[in-house]
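J.: Input: one structure, supplied below.
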Amino acid sequence: MKVLVLGASGFIGKNIVLKAPGNIELTGTYFKNEITIENGHFEYLNYLDEGIDWKQIIESYSCIIVAARANAESSIERNAVSHRSKVAFTKMINAVKESTLKPFIVALNGSLTYGNRGEELVRTDDEINPVGFAKSYSIAEKPFRDYLTQGNEIAIVRAPWVLGPGSWFSQIYLGTNKIPIIGKGKQWMAVVSVEDLAEYVWQLVEVQTRGIFHPKLISRCRQKDFALAVQQVTKKQIQKLRRFSLLRMEKQMRESILASIKLDDGEGEQSESESAKLELKNAIKDIYSGFS
């Protein structure tokens with residue numbers, strides 16, 4: 001199978017490439033950071049370039065994995081780049097519709113698309129109400145949602161907090177002197193490891209079932225409990241981020257870290273079990289041991 005991975009040099013994209021099965025002929029794209037991994041061919045692509053000939057790019061592939069997302073520093077800039085992404089992905093999808101192979105699409109987005117849901121168990125058929133960063137980034141996801149609604153062959157993955165080296169985890173929990181409890185710490189966090197997410201993506205590529213999907217979680221816990229797990233590993237002190245500290249944050253950042261999303265991964269209460277707590281702590285240990 002020939003597979004195209006858009007955004008192969010990103011945090012999630014690179015792990016998708018590393019987990020590619022041996023029977024996959026993989027091509028990955030990069031924008032800022034060139035990537036060289038043995039099990040693939042990699043090419044520069046700015047998917048926001050309005051002059052791209054998407055028909056030529058996708059014509060030989062039977063599957064496209066979309067792990068690319070253009071980032072920005074403010075909500076205004078995020079909205080702008082998300083609208084450009086929407087245009088680009090619409091053109092890509094139109095090329096897919098016109099192609100001979102009709103490649104299956106796997107598109108990755110975040111669970112913030114569901115909004116701040118409190119104590120509800122969030123399922124794949126729930127309506128969306130984007131919050132935080134997703135208020136901007138869900139604009140770019142709309143062409144994929146529409147494509148699915150029209151009955152086409154696409155899997156949309158709504159990933160929660162993705163745990164791995166170099167991610168938000170290092171910035172918020174390891175690159176600081178103290179471990180933050182955010183607000184009251186009661187908000188639900190659903191956590192998946194980046195390796196497990198990458199493997200899950202390849203499972204979807206293999207079965208090619210259309211729909212909305214949630215990956216299997218490492219853990220589903222309160223933010224306070226997550227912080228305490230990090231504290232037990234790192235031995236750093238806990239710091240409570242109260243109202244005034246939160247108000248100084250950029251609005252979408254604040255909404256994102258305060259959002260409570262109790263994501264359903266189809267495994268019942270397994271992600272809240274004692275074994276899940278141990279798995280989470282071990283995952284934190286693995287990252288912390290390689291953190292400098």
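By convention here, the chains of the structure tokens are called A, B, ... in the order presented, each chain's residues are numbered starting at 1, and ligands are numbered starting at 1 in the order presented.
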Env of Phe89 in chain A: 10 Å cut, atoms = only C-alpha atoms, seq-sep filter 3 positions within chain, self excluded. Answer as a PyMOL selection string.
T.: chain A and resi 47-48+54+66+83-86+92-95+140-144
J.: Skipping near chain neighbours, those fewer than 4 positions away, what residues fall within 12 Å of Gly10 in chain A using only C-alpha atoms, listed as a PDB file with all heavy atoms, in the first residue's frame?
T.:
```pdb
ATOM      1  N   VAL A   5       1.810  10.726   4.092  1.00  0.00           N
ATOM      2  CA  VAL A   5       1.644  11.317   5.417  1.00  0.00           C
ATOM      3  C   VAL A   5       1.936  12.804   5.324  1.00  0.00           C
ATOM      4  O   VAL A   5       3.098  13.208   5.132  1.00  0.00           O
ATOM      5  CB  VAL A   5       2.567  10.660   6.463  1.00  0.00           C
ATOM      6  CG1 VAL A   5       2.347  11.303   7.835  1.00  0.00           C
ATOM      7  CG2 VAL A   5       2.323   9.165   6.540  1.00  0.00           C
ATOM      8  N   LEU A   6       0.912  13.632   5.452  1.00  0.00           N
ATOM      9  CA  LEU A   6       1.101  15.080   5.480  1.00  0.00           C
ATOM     10  C   LEU A   6       1.476  15.499   6.900  1.00  0.00           C
ATOM     11  O   LEU A   6       0.777  15.182   7.847  1.00  0.00           O
ATOM     12  CB  LEU A   6      -0.182  15.794   5.055  1.00  0.00           C
ATOM     13  CG  LEU A   6      -0.704  15.527   3.642  1.00  0.00           C
ATOM     14  CD1 LEU A   6      -2.019  16.272   3.417  1.00  0.00           C
ATOM     15  CD2 LEU A   6       0.319  15.920   2.595  1.00  0.00           C
ATOM     16  N   LYS A  14       5.814  12.298  12.999  1.00  0.00           N
ATOM     17  CA  LYS A  14       7.072  11.543  13.028  1.00  0.00           C
ATOM     18  C   LYS A  14       6.870  10.175  13.664  1.00  0.00           C
ATOM     19  O   LYS A  14       7.440   9.173  13.213  1.00  0.00           O
ATOM     20  CB  LYS A  14       8.141  12.325  13.786  1.00  0.00           C
ATOM     21  CG  LYS A  14       9.522  11.696  13.739  1.00  0.00           C
ATOM     22  CD  LYS A  14      10.550  12.523  14.481  1.00  0.00           C
ATOM     23  CE  LYS A  14      10.806  13.832  13.776  1.00  0.00           C
ATOM     24  NZ  LYS A  14      11.909  14.605  14.420  1.00  0.00           N
ATOM     25  N   ASN A  15       6.052  10.117  14.705  1.00  0.00           N
ATOM     26  CA  ASN A  15       5.783   8.821  15.340  1.00  0.00           C
ATOM     27  C   ASN A  15       4.939   7.915  14.451  1.00  0.00           C
ATOM     28  O   ASN A  15       5.098   6.690  14.483  1.00  0.00           O
ATOM     29  CB  ASN A  15       5.108   9.048  16.692  1.00  0.00           C
ATOM     30  CG  ASN A  15       6.089   9.434  17.780  1.00  0.00           C
ATOM     31  OD1 ASN A  15       6.708   8.592  18.415  1.00  0.00           O
ATOM     32  ND2 ASN A  15       6.265  10.745  17.969  1.00  0.00           N
ATOM     33  N   ILE A  16       4.052   8.489  13.673  1.00  0.00           N
ATOM     34  CA  ILE A  16       3.297   7.702  12.701  1.00  0.00           C
ATOM     35  C   ILE A  16       4.249   7.074  11.695  1.00  0.00           C
ATOM     36  O   ILE A  16       4.137   5.881  11.360  1.00  0.00           O
ATOM     37  CB  ILE A  16       2.246   8.582  11.991  1.00  0.00           C
ATOM     38  CG1 ILE A  16       1.122   8.947  12.967  1.00  0.00           C
ATOM     39  CG2 ILE A  16       1.667   7.868  10.769  1.00  0.00           C
ATOM     40  CD1 ILE A  16       0.132   9.953  12.420  1.00  0.00           C
ATOM     41  N   VAL A  17       5.211   7.855  11.233  1.00  0.00           N
ATOM     42  CA  VAL A  17       6.207   7.328  10.293  1.00  0.00           C
ATOM     43  C   VAL A  17       7.009   6.195  10.928  1.00  0.00           C
ATOM     44  O   VAL A  17       7.230   5.145  10.310  1.00  0.00           O
ATOM     45  CB  VAL A  17       7.145   8.469   9.837  1.00  0.00           C
ATOM     46  CG1 VAL A  17       8.336   7.899   9.066  1.00  0.00           C
ATOM     47  CG2 VAL A  17       6.391   9.472   8.982  1.00  0.00           C
ATOM     48  N   LEU A  18       7.447   6.392  12.172  1.00  0.00           N
ATOM     49  CA  LEU A  18       8.267   5.381  12.844  1.00  0.00           C
ATOM     50  C   LEU A  18       7.521   4.079  13.073  1.00  0.00           C
ATOM     51  O   LEU A  18       8.124   3.003  13.136  1.00  0.00           O
ATOM     52  CB  LEU A  18       8.768   5.928  14.190  1.00  0.00           C
ATOM     53  CG  LEU A  18       9.816   7.043  14.117  1.00  0.00           C
ATOM     54  CD1 LEU A  18      10.040   7.658  15.491  1.00  0.00           C
ATOM     55  CD2 LEU A  18      11.114   6.514  13.539  1.00  0.00           C
ATOM     56  N   GLY A  28       6.387  10.939   3.104  1.00  0.00           N
ATOM     57  CA  GLY A  28       6.009  11.928   4.091  1.00  0.00           C
ATOM     58  C   GLY A  28       6.369  13.326   3.629  1.00  0.00           C
ATOM     59  O   GLY A  28       7.307  13.506   2.845  1.00  0.00           O
ATOM     60  N   THR A  29       5.607  14.315   4.090  1.00  0.00           N
ATOM     61  CA  THR A  29       5.921  15.699   3.749  1.00  0.00           C
ATOM     62  C   THR A  29       6.386  16.453   4.990  1.00  0.00           C
ATOM     63  O   THR A  29       5.998  16.135   6.109  1.00  0.00           O
ATOM     64  CB  THR A  29       4.704  16.428   3.147  1.00  0.00           C
ATOM     65  OG1 THR A  29       3.724  16.671   4.163  1.00  0.00           O
ATOM     66  CG2 THR A  29       4.093  15.607   2.016  1.00  0.00           C
ATOM     67  N   TYR A  30       7.219  17.459   4.779  1.00  0.00           N
ATOM     68  CA  TYR A  30       7.671  18.327   5.865  1.00  0.00           C
ATOM     69  C   TYR A  30       7.638  19.759   5.358  1.00  0.00           C
ATOM     70  O   TYR A  30       7.650  20.026   4.147  1.00  0.00           O
ATOM     71  CB  TYR A  30       9.078  17.943   6.327  1.00  0.00           C
ATOM     72  CG  TYR A  30      10.149  18.109   5.268  1.00  0.00           C
ATOM     73  CD1 TYR A  30      10.827  19.322   5.120  1.00  0.00           C
ATOM     74  CD2 TYR A  30      10.475  17.061   4.404  1.00  0.00           C
ATOM     75  CE1 TYR A  30      11.803  19.480   4.152  1.00  0.00           C
ATOM     76  CE2 TYR A  30      11.438  17.211   3.424  1.00  0.00           C
ATOM     77  CZ  TYR A  30      12.100  18.424   3.300  1.00  0.00           C
ATOM     78  OH  TYR A  30      13.062  18.587   2.326  1.00  0.00           O
ATOM     79  N   PHE A  31       7.619  20.698   6.297  1.00  0.00           N
ATOM     80  CA  PHE A  31       7.629  22.114   5.938  1.00  0.00           C
ATOM     81  C   PHE A  31       8.882  22.789   6.488  1.00  0.00           C
ATOM     82  O   PHE A  31       9.789  23.128   5.755  1.00  0.00           O
ATOM     83  CB  PHE A  31       6.358  22.806   6.423  1.00  0.00           C
ATOM     84  CG  PHE A  31       6.326  24.286   6.180  1.00  0.00           C
ATOM     85  CD1 PHE A  31       6.627  24.809   4.932  1.00  0.00           C
ATOM     86  CD2 PHE A  31       6.014  25.167   7.206  1.00  0.00           C
ATOM     87  CE1 PHE A  31       6.619  26.184   4.692  1.00  0.00           C
ATOM     88  CE2 PHE A  31       5.991  26.544   6.986  1.00  0.00           C
ATOM     89  CZ  PHE A  31       6.295  27.047   5.731  1.00  0.00           C
ATOM     90  N   LYS A  32       8.964  22.950   7.809  1.00  0.00           N
ATOM     91  CA  LYS A  32      10.116  23.634   8.412  1.00  0.00           C
ATOM     92  C   LYS A  32      11.258  22.680   8.718  1.00  0.00           C
ATOM     93  O   LYS A  32      12.428  23.020   8.549  1.00  0.00           O
ATOM     94  CB  LYS A  32       9.687  24.347   9.696  1.00  0.00           C
ATOM     95  CG  LYS A  32       8.764  25.529   9.472  1.00  0.00           C
ATOM     96  CD  LYS A  32       8.439  26.213  10.788  1.00  0.00           C
ATOM     97  CE  LYS A  32       7.551  27.423  10.576  1.00  0.00           C
ATOM     98  NZ  LYS A  32       7.200  28.105  11.850  1.00  0.00           N
ATOM     99  N   ASN A  33      10.938  21.500   9.211  1.00  0.00           N
ATOM    100  CA  ASN A  33      11.970  20.588   9.704  1.00  0.00           C
ATOM    101  C   ASN A  33      12.101  19.385   8.777  1.00  0.00           C
ATOM    102  O   ASN A  33      11.227  18.518   8.722  1.00  0.00           O
ATOM    103  CB  ASN A  33      11.610  20.113  11.120  1.00  0.00           C
ATOM    104  CG  ASN A  33      11.446  21.276  12.084  1.00  0.00           C
ATOM    105  OD1 ASN A  33      12.291  22.157  12.154  1.00  0.00           O
ATOM    106  ND2 ASN A  33      10.338  21.280  12.809  1.00  0.00           N
ATOM    107  N   GLU A  34      13.215  19.344   8.050  1.00  0.00           N
ATOM    108  CA  GLU A  34      13.452  18.217   7.154  1.00  0.00           C
ATOM    109  C   GLU A  34      13.573  16.932   7.959  1.00  0.00           C
ATOM    110  O   GLU A  34      14.110  16.925   9.070  1.00  0.00           O
ATOM    111  CB  GLU A  34      14.716  18.446   6.333  1.00  0.00           C
ATOM    112  CG  GLU A  34      14.941  17.389   5.270  1.00  0.00           C
ATOM    113  CD  GLU A  34      16.083  17.729   4.329  1.00  0.00           C
ATOM    114  OE1 GLU A  34      16.678  18.827   4.484  1.00  0.00           O
ATOM    115  OE2 GLU A  34      16.389  16.910   3.450  1.00  0.00           O
ATOM    116  N   ILE A  35      13.071  15.839   7.412  1.00  0.00           N
ATOM    117  CA  ILE A  35      13.066  14.569   8.127  1.00  0.00           C
ATOM    118  C   ILE A  35      13.780  13.505   7.291  1.00  0.00           C
ATOM    119  O   ILE A  35      13.612  13.444   6.066  1.00  0.00           O
ATOM    120  CB  ILE A  35      11.616  14.131   8.459  1.00  0.00           C
ATOM    121  CG1 ILE A  35      11.599  12.794   9.204  1.00  0.00           C
ATOM    122  CG2 ILE A  35      10.745  14.085   7.230  1.00  0.00           C
ATOM    123  CD1 ILE A  35      10.228  12.407   9.707  1.00  0.00           C
ATOM    124  N   VAL A  66      -3.496  12.696   7.385  1.00  0.00           N
ATOM    125  CA  VAL A  66      -3.328  14.131   7.570  1.00  0.00           C
ATOM    126  C   VAL A  66      -2.962  14.398   9.028  1.00  0.00           C
ATOM    127  O   VAL A  66      -3.810  14.390   9.919  1.00  0.00           O
ATOM    128  CB  VAL A  66      -4.602  14.911   7.193  1.00  0.00           C
ATOM    129  CG1 VAL A  66      -4.363  16.417   7.340  1.00  0.00           C
ATOM    130  CG2 VAL A  66      -5.035  14.569   5.779  1.00  0.00           C
ATOM    131  N   ALA A  67      -1.667  14.592   9.279  1.00  0.00           N
ATOM    132  CA  ALA A  67      -1.173  14.914  10.618  1.00  0.00           C
ATOM    133  C   ALA A  67      -0.617  16.325  10.655  1.00  0.00           C
ATOM    134  O   ALA A  67       0.010  16.719  11.640  1.00  0.00           O
ATOM    135  CB  ALA A  67      -0.096  13.917  11.038  1.00  0.00           C
ATOM    136  N   ALA A  68      -0.849  17.094   9.595  1.00  0.00           N
ATOM    137  CA  ALA A  68      -0.314  18.459   9.492  1.00  0.00           C
ATOM    138  C   ALA A  68      -1.302  19.455  10.064  1.00  0.00           C
ATOM    139  O   ALA A  68      -2.508  19.352   9.844  1.00  0.00           O
ATOM    140  CB  ALA A  68      -0.036  18.789   8.030  1.00  0.00           C
ATOM    141  N   ARG A  69      -0.765  20.422  10.797  1.00  0.00           N
ATOM    142  CA  ARG A  69      -1.579  21.533  11.283  1.00  0.00           C
ATOM    143  C   ARG A  69      -0.699  22.760  11.422  1.00  0.00           C
ATOM    144  O   ARG A  69       0.338  22.714  12.085  1.00  0.00           O
ATOM    145  CB  ARG A  69      -2.219  21.212  12.634  1.00  0.00           C
ATOM    146  CG  ARG A  69      -3.152  22.330  13.111  1.00  0.00           C
ATOM    147  CD  ARG A  69      -3.924  21.938  14.346  1.00  0.00           C
ATOM    148  NE  ARG A  69      -3.082  21.840  15.522  1.00  0.00           N
ATOM    149  CZ  ARG A  69      -3.514  21.426  16.713  1.00  0.00           C
ATOM    150  NH1 ARG A  69      -4.780  21.053  16.850  1.00  0.00           N
ATOM    151  NH2 ARG A  69      -2.701  21.369  17.742  1.00  0.00           N
ATOM    152  N   ALA A  70      -1.124  23.839  10.782  1.00  0.00           N
ATOM    153  CA  ALA A  70      -0.368  25.085  10.854  1.00  0.00           C
ATOM    154  C   ALA A  70      -0.652  25.776  12.181  1.00  0.00           C
ATOM    155  O   ALA A  70      -1.817  26.001  12.532  1.00  0.00           O
ATOM    156  CB  ALA A  70      -0.746  25.991   9.687  1.00  0.00           C
ATOM    157  N   ASN A  71       0.392  26.065  12.933  1.00  0.00           N
ATOM    158  CA  ASN A  71       0.243  26.678  14.250  1.00  0.00           C
ATOM    159  C   ASN A  71       0.423  28.189  14.185  1.00  0.00           C
ATOM    160  O   ASN A  71       0.967  28.726  13.221  1.00  0.00           O
ATOM    161  CB  ASN A  71       1.268  26.091  15.228  1.00  0.00           C
ATOM    162  CG  ASN A  71       1.030  24.617  15.474  1.00  0.00           C
ATOM    163  OD1 ASN A  71      -0.094  24.208  15.709  1.00  0.00           O
ATOM    164  ND2 ASN A  71       2.090  23.818  15.400  1.00  0.00           N
ATOM    165  N   GLY A 166       8.954  16.048  24.121  1.00  0.00           N
ATOM    166  CA  GLY A 166       8.899  17.215  23.261  1.00  0.00           C
ATOM    167  C   GLY A 166       7.516  17.790  23.055  1.00  0.00           C
ATOM    168  O   GLY A 166       7.332  18.714  22.268  1.00  0.00           O
ATOM    169  N   SER A 167       6.536  17.278  23.768  1.00  0.00           N
ATOM    170  CA  SER A 167       5.160  17.731  23.590  1.00  0.00           C
ATOM    171  C   SER A 167       4.815  18.796  24.634  1.00  0.00           C
ATOM    172  O   SER A 167       5.663  19.286  25.377  1.00  0.00           O
ATOM    173  CB  SER A 167       4.205  16.548  23.731  1.00  0.00           C
ATOM    174  OG  SER A 167       4.193  16.080  25.076  1.00  0.00           O
ATOM    175  N   VAL A 194       1.920   8.928  22.508  1.00  0.00           N
ATOM    176  CA  VAL A 194       2.079   9.213  21.087  1.00  0.00           C
ATOM    177  C   VAL A 194       2.362   7.926  20.315  1.00  0.00           C
ATOM    178  O   VAL A 194       1.947   7.773  19.149  1.00  0.00           O
ATOM    179  CB  VAL A 194       3.186  10.267  20.865  1.00  0.00           C
ATOM    180  CG1 VAL A 194       4.576   9.721  21.205  1.00  0.00           C
ATOM    181  CG2 VAL A 194       3.133  10.813  19.454  1.00  0.00           C
TER     182      VAL A 194
END
```
J.: Going by DSSP on the backbone, which residues of range 72-126 of chain A come out as strand (DSSP E)? List them as a PDB file with N, CA, C and O atoms, in the first residue's frame.
T.:
```pdb
ATOM      1  N   PHE A 104      -8.290   6.402   0.804  1.00  0.00           N
ATOM      2  CA  PHE A 104      -8.889   6.512   2.131  1.00  0.00           C
ATOM      3  C   PHE A 104      -8.134   7.585   2.894  1.00  0.00           C
ATOM      4  O   PHE A 104      -6.908   7.680   2.812  1.00  0.00           O
ATOM      5  N   ILE A 105      -8.847   8.405   3.661  1.00  0.00           N
ATOM      6  CA  ILE A 105      -8.232   9.491   4.415  1.00  0.00           C
ATOM      7  C   ILE A 105      -8.321   9.210   5.912  1.00  0.00           C
ATOM      8  O   ILE A 105      -9.381   8.795   6.402  1.00  0.00           O
ATOM      9  N   VAL A 106      -7.222   9.424   6.621  1.00  0.00           N
ATOM     10  CA  VAL A 106      -7.229   9.440   8.082  1.00  0.00           C
ATOM     11  C   VAL A 106      -6.785  10.842   8.505  1.00  0.00           C
ATOM     12  O   VAL A 106      -5.660  11.249   8.205  1.00  0.00           O
ATOM     13  N   ALA A 107      -7.684  11.582   9.151  1.00  0.00           N
ATOM     14  CA  ALA A 107      -7.389  12.961   9.555  1.00  0.00           C
ATOM     15  C   ALA A 107      -7.366  13.057  11.075  1.00  0.00           C
ATOM     16  O   ALA A 107      -8.304  12.610  11.739  1.00  0.00           O
ATOM     17  N   LEU A 108      -6.311  13.649  11.625  1.00  0.00           N
ATOM     18  CA  LEU A 108      -6.174  13.772  13.071  1.00  0.00           C
ATOM     19  C   LEU A 108      -6.521  15.172  13.539  1.00  0.00           C
ATOM     20  O   LEU A 108      -6.083  16.160  12.942  1.00  0.00           O
ATOM     21  N   ASN A 109      -7.294  15.236  14.604  1.00  0.00           N
ATOM     22  CA  ASN A 109      -7.620  16.500  15.233  1.00  0.00           C
ATOM     23  C   ASN A 109      -7.702  16.263  16.737  1.00  0.00           C
ATOM     24  O   ASN A 109      -7.496  15.142  17.210  1.00  0.00           O
ATOM     25  N   GLY A 110      -8.049  17.296  17.519  1.00  0.00           N
ATOM     26  CA  GLY A 110      -8.044  17.168  18.967  1.00  0.00           C
ATOM     27  C   GLY A 110      -9.423  17.039  19.574  1.00  0.00           C
ATOM     28  O   GLY A 110     -10.437  17.406  18.970  1.00  0.00           O
ATOM     29  N   LEU A 121     -19.430  11.704  29.878  1.00  0.00           N
ATOM     30  CA  LEU A 121     -18.564  10.809  29.120  1.00  0.00           C
ATOM     31  C   LEU A 121     -18.760  11.136  27.645  1.00  0.00           C
ATOM     32  O   LEU A 121     -19.867  11.001  27.113  1.00  0.00           O
ATOM     33  N   VAL A 122     -17.711  11.583  26.995  1.00  0.00           N
ATOM     34  CA  VAL A 122     -17.807  12.099  25.630  1.00  0.00           C
ATOM     35  C   VAL A 122     -17.606  10.969  24.629  1.00  0.00           C
ATOM     36  O   VAL A 122     -16.556  10.324  24.604  1.00  0.00           O
TER      37      VAL A 122
END
```
J.: Could you jot down the CA of Ser62 in chain A to CA of Ser138 in chain A separation for me, Å, one decimal place?
T.: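 The value is 25.5 Å.
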J.: Check range 9-177 of chain A with DSSP on the backbone and list each residue it calls helix (DSSP H, G or I), as JSON, numbers by chain.
T.: {"A": [11, 12, 13, 14, 15, 16, 17, 18, 54, 55, 56, 57, 58, 75, 76, 77, 78, 79, 80, 81, 82, 83, 84, 85, 86, 87, 88, 89, 90, 91, 92, 93, 94, 95, 96, 97, 98, 111, 112, 113, 114, 134, 135, 136, 137, 138, 139, 140, 141, 142, 143, 144, 145, 146, 147, 148, 149, 168, 169, 170, 171, 172, 173, 174]}
J.: Need the shell around Glu206 in chain A: protein/DNA/RNA residues with any atom at most 12 Å away, counting only C-alpha atoms. Skip same-chain ones fewer than 4 positions apart. Format as a JSON list (two decimals) with N, CA and C atoms, in the first residue's frame?
T.:
```
[["chain", "number", "residue", "atom", "x", "y", "z"],
["A", 1, "MET", "N", 0.84, -1.19, 0.00],
["A", 1, "MET", "CA", 0.00, 0.00, 0.00],
["A", 1, "MET", "C", 0.88, 1.25, 0.00],
["A", 2, "LYS", "N", 0.53, 2.20, -0.86],
["A", 2, "LYS", "CA", 1.25, 3.47, -0.90],
["A", 2, "LYS", "C", 0.49, 4.49, -0.06],
["A", 3, "VAL", "N", 1.18, 5.07, 0.93],
["A", 3, "VAL", "CA", 0.55, 5.98, 1.88],
["A", 3, "VAL", "C", 1.30, 7.31, 1.89],
["A", 20, "ALA", "N", 5.24, 2.82, 11.03],
["A", 20, "ALA", "CA", 4.69, 2.31, 9.77],
["A", 20, "ALA", "C", 5.02, 0.82, 9.59],
["A", 21, "PRO", "N", 4.02, 0.00, 9.24],
["A", 21, "PRO", "CA", 4.27, -1.43, 8.99],
["A", 21, "PRO", "C", 5.22, -1.63, 7.81],
["A", 23, "ASN", "N", 4.99, -3.40, 5.21],
["A", 23, "ASN", "CA", 4.41, -3.55, 3.88],
["A", 23, "ASN", "C", 3.92, -2.22, 3.30],
["A", 24, "ILE", "N", 4.23, -1.12, 3.97],
["A", 24, "ILE", "CA", 3.78, 0.20, 3.53],
["A", 24, "ILE", "C", 4.88, 0.91, 2.74],
["A", 62, "SER", "N", -3.09, 5.18, -2.11],
["A", 62, "SER", "CA", -4.35, 4.55, -1.73],
["A", 62, "SER", "C", -4.80, 4.98, -0.34],
["A", 63, "CYS", "N", -3.96, 5.75, 0.37],
["A", 63, "CYS", "CA", -4.33, 6.28, 1.68],
["A", 63, "CYS", "C", -3.56, 7.58, 1.93],
["A", 104, "PHE", "N", -8.29, 6.40, 0.80],
["A", 104, "PHE", "CA", -8.89, 6.51, 2.13],
["A", 104, "PHE", "C", -8.13, 7.59, 2.89],
["A", 105, "ILE", "N", -8.85, 8.40, 3.66],
["A", 105, "ILE", "CA", -8.23, 9.49, 4.41],
["A", 105, "ILE", "C", -8.32, 9.21, 5.91],
["A", 106, "VAL", "N", -7.22, 9.42, 6.62],
["A", 106, "VAL", "CA", -7.23, 9.44, 8.08],
["A", 106, "VAL", "C", -6.79, 10.84, 8.50],
["A", 155, "ALA", "N", -11.64, 8.44, 8.06],
["A", 155, "ALA", "CA", -11.65, 8.24, 9.52],
["A", 155, "ALA", "C", -11.09, 9.51, 10.15],
["A", 199, "GLU", "N", 0.21, 3.80, 16.46],
["A", 199, "GLU", "CA", -0.21, 2.44, 16.14],
["A", 199, "GLU", "C", -1.70, 2.39, 15.82],
["A", 200, "TYR", "N", -2.49, 3.17, 16.53],
["A", 200, "TYR", "CA", -3.93, 3.21, 16.30],
["A", 200, "TYR", "C", -4.24, 3.74, 14.90],
["A", 201, "VAL", "N", -3.48, 4.74, 14.47],
["A", 201, "VAL", "CA", -3.67, 5.29, 13.13],
["A", 201, "VAL", "C", -3.45, 4.21, 12.08],
["A", 202, "TRP", "N", -2.41, 3.40, 12.27],
["A", 202, "TRP", "CA", -2.13, 2.35, 11.27],
["A", 202, "TRP", "C", -3.19, 1.24, 11.31],
["A", 210, "ARG", "N", -14.92, 3.97, 7.95],
["A", 210, "ARG", "CA", -15.23, 5.39, 8.03],
["A", 210, "ARG", "C", -15.88, 5.73, 9.35]]
```
J.: Just the number, please: distance in Å from CA of Ala8 in chain A to CA of Lys285 in chain A, one decimal.
T.: 26.2 Å
J.: What's the 7 Å shell around range 172-178 of chain A, counting only C-alpha atoms, without same-chain residues fewer than 5 positions away, as a PyMOL selection string?
T.: chain A and resi 236-239
J.: Could you save those same residues with all heavy atoms as a short mmCIF file (atom, residue, chain, number, x, y, z; two decimals), in the first residue's frame?
T.:
```cif
data_model
loop_
_atom_site.label_atom_id
_atom_site.label_comp_id
_atom_site.auth_asym_id
_atom_site.auth_seq_id
_atom_site.Cartn_x
_atom_site.Cartn_y
_atom_site.Cartn_z
N LYS A 236 9.35 17.15 42.21
CA LYS A 236 9.21 18.60 42.27
C LYS A 236 8.02 18.98 43.15
O LYS A 236 7.12 18.17 43.39
CB LYS A 236 9.00 19.18 40.87
CG LYS A 236 10.17 19.01 39.93
CD LYS A 236 9.87 19.65 38.59
CE LYS A 236 11.02 19.49 37.61
NZ LYS A 236 10.73 20.15 36.31
N GLN A 237 8.03 20.22 43.59
CA GLN A 237 6.91 20.70 44.40
C GLN A 237 5.69 20.99 43.53
O GLN A 237 5.81 21.27 42.34
CB GLN A 237 7.31 21.97 45.16
CG GLN A 237 8.34 21.74 46.25
CD GLN A 237 8.65 23.02 47.00
OE1 GLN A 237 8.43 24.12 46.50
NE2 GLN A 237 9.14 22.89 48.22
N ILE A 238 4.53 20.94 44.16
CA ILE A 238 3.27 21.29 43.50
C ILE A 238 3.02 22.79 43.64
O ILE A 238 3.32 23.39 44.67
CB ILE A 238 2.10 20.51 44.13
CG1 ILE A 238 2.19 19.02 43.80
CG2 ILE A 238 0.75 21.08 43.70
CD1 ILE A 238 1.90 18.67 42.35
N GLN A 239 2.51 23.38 42.57
CA GLN A 239 2.11 24.79 42.62
C GLN A 239 0.69 24.92 42.08
O GLN A 239 0.39 24.44 40.99
CB GLN A 239 3.04 25.64 41.76
CG GLN A 239 2.66 27.12 41.74
CD GLN A 239 3.57 27.93 40.83
OE1 GLN A 239 4.11 27.42 39.85
NE2 GLN A 239 3.75 29.20 41.15
#
```
J.: Which distance in Å separates CA of Asp286 in chain A and CA of Ile37 in chain A, to one decimal?
T.: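 If I compute the distance from CA of Asp286 in chain A to CA of Ile37 in chain A, I get 22.5 Å.
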J.: Extract, using only C-alpha atoms, all DNA, RNA and protein residues at most 8 Å from range 263-279 of chain A, discarding same-chain residues fewer than 4 positions from it, and format them as a list in words.
T.: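 Near neighbours after the sequence-gap exclusion: Ser111, Leu121, Val122, Arg123, Thr124, Pro160, Ala190, His214, Pro215, Lys216, Leu217, Ile218, Ser219, Arg220, Cys221 and Ala283 of chain A.
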J.: Which of these residues is nearest to Leu45 in chain A, using only C-alpha atoms: A:Leu26, A:Ile76, A:Leu4, A:Ala259?
T.: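 Closest to Leu45 in chain A of all the choices is A:Leu4.
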J.: With distances taken over only C-alpha atoms, which of A:Thr209, A:Asp53, A:Asn129, A:Gly22 is nearest to Asn39 in chain A?
T.: A:Gly22
J.: Residues of range 37-156 of chain A within 9 Å of range 243-255 of chain A: nearest atom pair and distance (Å, one decimal) for each, counting only C-alpha atoms, sorted by chain and number, as CSV?
T.:
```
residue,atom,partner,partner_atom,distance
A:Ser74,CA,A:Glu250,CA,7.6
A:Ser75,CA,A:Gln252,CA,6.9
A:Asn116,CA,A:Glu255,CA,8.4
A:Val131,CA,A:Glu255,CA,6.6
A:Gly132,CA,A:Gln252,CA,4.1
A:Phe133,CA,A:Gln252,CA,5.2
A:Ala134,CA,A:Gln252,CA,8.4
A:Lys135,CA,A:Gln252,CA,8.0
A:Ser136,CA,A:Gln252,CA,8.9
```
J.: Leaving out Val162 in chain A and any residue of its chain fewer than 3 positions from it, which residues lie within 8 Å of it when counting only C-alpha atoms, given as an MDAnalysis selection string?
T.: chainID A and resid 159 167 191:194 197
J.: Can you work out which one of A:Gly290, A:Pro130, A:Gly211, A:Gly7 has the shortest atom-to-atom distance to Gln150 in chain A, counting only C-alpha atoms?
T.: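 Closest to Gln150 in chain A of all the choices is A:Gly211.
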